[in-house]
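Engineer: Can you keep this structure in mind? I'll have questions shortly.
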Amino acid sequence: MGREEREVFQIAEQFTMEGVVESAAPHGSGHINDTYLLTCKTNSEYKKYILQRINHDIFKKPWELMENVVKVTEFLQKKIAEGGGDPEREALHVIPAKDGTSYRRQEDGTYWRMYGFIDGATSYDAVKEPKDFYESAVSFGHFQKLLADYPAETLYETIPNFHNTVDRLANFKKALEEDVMGRAAEVQEEIRFVLDREKDCHVLCDMLSNGEIPLRVTHNDTKLNNIMIDDQTGKGICVIDLDTVMPGSALYDYGDSIRFGANTGAEDEKDLSKISCDIDLFSLFTKGYIEGCEGSLTETEIRMMPMGAKLMTLECGMRFLADYLEGDHYYKVHRPEHNLDRCRTQFQMVKDMEEKWEVLQGIVESYL
Ligand code: ADP
Ligand code: GN1
Ligand code: MG
């Protein structure tokens, strides 16, 4: 990231936060945006803010993205207040720029936005206590429920075909064909893993297009570290990282959470013997998500949960592998072969889910 603190101060000053910026430090472990934690001094206290550079290589139209974020956060704040919750802590707040806009483009072409900092809460990079994972499930399910009557047609598709696994497969094949880095020869096993599962890639897309499962407004990036867990109560307090809130399937949200949180190892673990699908965590998350959705999931959606988990994991592995083949320009990497390591954990997780398929299917069906 490495931007000068001075430069970050100068960008922060274009926004309407309270007080004077005292420090700005890189924050969090997201793969996409550059995130800074600002500490500002007011007359009586310190206030914290999140300042983010929006990755505009990935989000091609940051102005559309910010229009989505403003609309969705205002909608959520209103719903949370009506339900007797605390909209200050339970929803993100966009801090406007001094010119009244929701983001600022800098002379160097970068785009920046500011959020209120959710204090007294933590975003976890791994499941430490099973209870936290359960709470994240309830929160992501509840988030889905809160957005159930959001007018989906007013949302921009910030990344077109984001979870269209058929389209992801086509992009993967293109990366393979072009092989710009000359890396394909060394990853034949991983390539074969994807090609052997070509048919799977169509399952959810087909079910969405023939109406077997409904299109909903979904988050689409439900990693555990995209939820703030309250330090006092242990409850999932606020869903963050709303850049990909778009029409999608509840199975995308459910599946992406399982992909990341029910894995016994880290997303970039090198030792594949540490990677597997933890059955207890799978079961706990399934219970929490169904409860959080408060009866809104259809029977077919519940039956398809293992497939949602498998496809989100396969798709993610395929995306990491495509990025590796293309020269690591999408995800932030912190070492050579980082994307390849990430791809391998995803495929190992898929393999393990396939081996445990009947158990997974039995678990979800027990919640019908
Ligand atoms: P990315 O798209 O790069 O993942 P995120 O929006 O998820 O970016 O932010 C990265 C990290 O910054 C999060 O995982 C979380 O730890 C922290 N973060 C983001 N927004 C807030 C917020 N409003 N309050 C507290 N922490 C936040
Ligand atoms: C990215 O932004 P972050 O780090 O929460 C990615 C997700 C991937 C995830 C893999 C916009 O999520 O789709 O599943 O990395 N987000 C985007 O860890 O591509
Ligand atoms: Mg994130």
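Following the order of the structure tokens, chains are lettered A, B, ..., residues in each are numbered from 1, and ligands are numbered from 1.
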Residues within 9 Å of Phe143 (chain A), please, as a PyMOL selection string. Count only C-alpha atoms; anything in the same chain fewer than 6 positions from it doesn't count.
Structural biologist: chain A and resi 76+218-219+238-239+292-293
Engineer: At a cut-off of 8 Å around ligand 3, and using only C-alpha atoms and all ligand atoms, what residues come up? Please write them as a list in words.
Structural biologist: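 Residues satisfying the distance criterion: Ser29, Gly30, His31, Ile32, Asn33, Asp221, Lys223, Asn225, Asn226, Ile240 and Asp241 of chain A.
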Engineer: Pick the closest to Thr313 (chain A) from A:Lys71, A:Arg183, A:Lys332, A:His163: which is it, counting only C-alpha atoms?
Structural biologist: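 That would be A:His163, the residue with the smallest distance to Thr313 (chain A).
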Engineer: Using only C-alpha atoms and all ligand atoms, find each residue of chain A with at least one atom at most 9 Å away from an atom of ligand 1; report its shortest atom-to-atom pair and that distance in Å (one decimal), sort the rows by chain and rising residue number, and return the result as a Markdown table.
Structural biologist:
| residue | atom | partner | partner_atom_place_in_ligand_line | distance |
| --- | --- | --- | --- | --- |
| A:Pro26 | CA | ligand 1 | 12 (O) | 8.9 |
| A:His27 | CA | ligand 1 | 12 (O) | 5.7 |
| A:Gly28 | CA | ligand 1 | 11 (C) | 3.9 |
| A:Ser29 | CA | ligand 1 | 11 (C) | 5.7 |
| A:Gly30 | CA | ligand 1 | 4 (O) | 3.1 |
| A:His31 | CA | ligand 1 | 3 (O) | 4.8 |
| A:Ile32 | CA | ligand 1 | 3 (O) | 3.8 |
| A:Asn33 | CA | ligand 1 | 3 (O) | 3.7 |
| A:Asp34 | CA | ligand 1 | 3 (O) | 6.1 |
| A:Thr35 | CA | ligand 1 | 10 (C) | 5.8 |
| A:Tyr36 | CA | ligand 1 | 12 (O) | 7.6 |
| A:Leu37 | CA | ligand 1 | 26 (N) | 7.9 |
| A:Lys48 | CA | ligand 1 | 24 (N) | 8.6 |
| A:Tyr49 | CA | ligand 1 | 23 (N) | 7.2 |
| A:Ile50 | CA | ligand 1 | 22 (C) | 5.8 |
| A:Leu51 | CA | ligand 1 | 20 (N) | 8.4 |
| A:Gln52 | CA | ligand 1 | 6 (O) | 7.7 |
| A:Ile54 | CA | ligand 1 | 2 (O) | 8.2 |
| A:Asn55 | CA | ligand 1 | 3 (O) | 8.3 |
| A:Ala91 | CA | ligand 1 | 23 (N) | 8.5 |
| A:Leu92 | CA | ligand 1 | 23 (N) | 5.7 |
| A:His93 | CA | ligand 1 | 23 (N) | 7.3 |
| A:Val94 | CA | ligand 1 | 23 (N) | 8.7 |
| A:Met114 | CA | ligand 1 | 23 (N) | 8.5 |
| A:Tyr115 | CA | ligand 1 | 23 (N) | 5.2 |
| A:Gly116 | CA | ligand 1 | 23 (N) | 5.3 |
| A:Phe117 | CA | ligand 1 | 24 (N) | 3.7 |
| A:Ile118 | CA | ligand 1 | 24 (N) | 3.9 |
| A:Asp119 | CA | ligand 1 | 25 (C) | 6.4 |
| A:Gly120 | CA | ligand 1 | 25 (C) | 8.9 |
| A:Ala121 | CA | ligand 1 | 25 (C) | 7.4 |
| A:Thr122 | CA | ligand 1 | 16 (O) | 6.9 |
| A:Ser123 | CA | ligand 1 | 16 (O) | 4.8 |
| A:Tyr124 | CA | ligand 1 | 16 (O) | 7.5 |
| A:Asp125 | CA | ligand 1 | 14 (O) | 8.0 |
| A:Asp221 | CA | ligand 1 | 4 (O) | 8.7 |
| A:Lys223 | CA | ligand 1 | 14 (O) | 8.8 |
| A:Leu224 | CA | ligand 1 | 14 (O) | 8.4 |
| A:Asn225 | CA | ligand 1 | 14 (O) | 4.6 |
| A:Asn226 | CA | ligand 1 | 14 (O) | 5.1 |
| A:Ile227 | CA | ligand 1 | 14 (O) | 7.4 |
| A:Met228 | CA | ligand 1 | 25 (C) | 7.1 |
| A:Cys238 | CA | ligand 1 | 23 (N) | 8.6 |
| A:Ile240 | CA | ligand 1 | 20 (N) | 5.9 |
| A:Asp241 | CA | ligand 1 | 6 (O) | 3.8 |
| A:Leu242 | CA | ligand 1 | 6 (O) | 7.2 |
| A:Asp243 | CA | ligand 1 | 2 (O) | 7.2 |
Engineer: Which residue gives the smallest distance to Arg104 (chain A) among A:Val20, A:Met181, A:Ser44, A:Gln14, with only C-alpha atoms counted?
Structural biologist: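 Counting only C-alpha atoms, the residue closest to Arg104 (chain A) is A:Gln14.
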Engineer: Determine the nearest neighbour of ligand 2 from the options A:Glu45, A:Asp256, A:Glu82, A:Glu189, counting only C-alpha atoms and all ligand atoms.
Structural biologist: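 The shortest atom-to-atom distance to ligand 2 comes from A:Asp256.
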Engineer: State, in Å with one decimal place, the distance from atom 1 (C, counted along the ligand's line) of ligand 2 to CA of His334 (chain A).
Structural biologist: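 These two atoms are separated by 14.4 Å.
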Engineer: Counting only C-alpha atoms, which residues of region 315-341 of chain A fall within 12 Å of region 198-210 of chain A, and what is the closest atom pair for each with its distance in Å at one decimal, ordered by chain and rising number, as JSON lines?
Structural biologist:
{"residue": "A:Glu315", "atom": "CA", "partner": "A:Cys201", "partner_atom": "CA", "distance": 8.0}
{"residue": "A:Cys316", "atom": "CA", "partner": "A:Cys201", "partner_atom": "CA", "distance": 11.8}
{"residue": "A:Met318", "atom": "CA", "partner": "A:Cys201", "partner_atom": "CA", "distance": 10.8}
Engineer: Emit the selected residues as a short mmCIF file (atom, residue, chain, number, x, y, z; two decimals), in the first residue's frame, including N, CA and C atoms.
Structural biologist:
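Dumped everything to result16.cif:
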data_model
loop_
_atom_site.label_atom_id
_atom_site.label_comp_id
_atom_site.auth_asym_id
_atom_site.auth_seq_id
_atom_site.Cartn_x
_atom_site.Cartn_y
_atom_site.Cartn_z
N GLU A 315 -15.43 -21.79 -7.69
CA GLU A 315 -15.32 -20.53 -8.44
C GLU A 315 -14.16 -19.69 -7.91
N CYS A 316 -14.06 -19.62 -6.59
CA CYS A 316 -13.01 -18.79 -5.99
C CYS A 316 -11.62 -19.35 -6.35
N MET A 318 -10.90 -21.09 -8.94
CA MET A 318 -10.73 -20.84 -10.38
C MET A 318 -10.31 -19.38 -10.62
#
Engineer: Which of region 67-243 of chain A end up as strand (DSSP E or B) when DSSP is run on this backbone - answer as a ChimeraX atom specification?
Structural biologist: /A:94,97,104-105,111-116,121-122,216-218,227-230,236-239
Engineer: If we count only C-alpha atoms and set the cut-off at 12 Å, which residues sit around Gln188 (chain A), ignoring sequence neighbours fewer than 5 positions away in its own chain? Please answer as a ChimeraX atom specification.
Structural biologist: /A:176,183,193-195,321,325
Engineer: Could you check the closest approach to ligand 2 for each of A:Val72, A:Leu38, A:Val333, A:Leu155 and tell me which residue wins, using only C-alpha atoms and all ligand atoms?
Structural biologist: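 For ligand 2, the nearest of the given residues is A:Val333.
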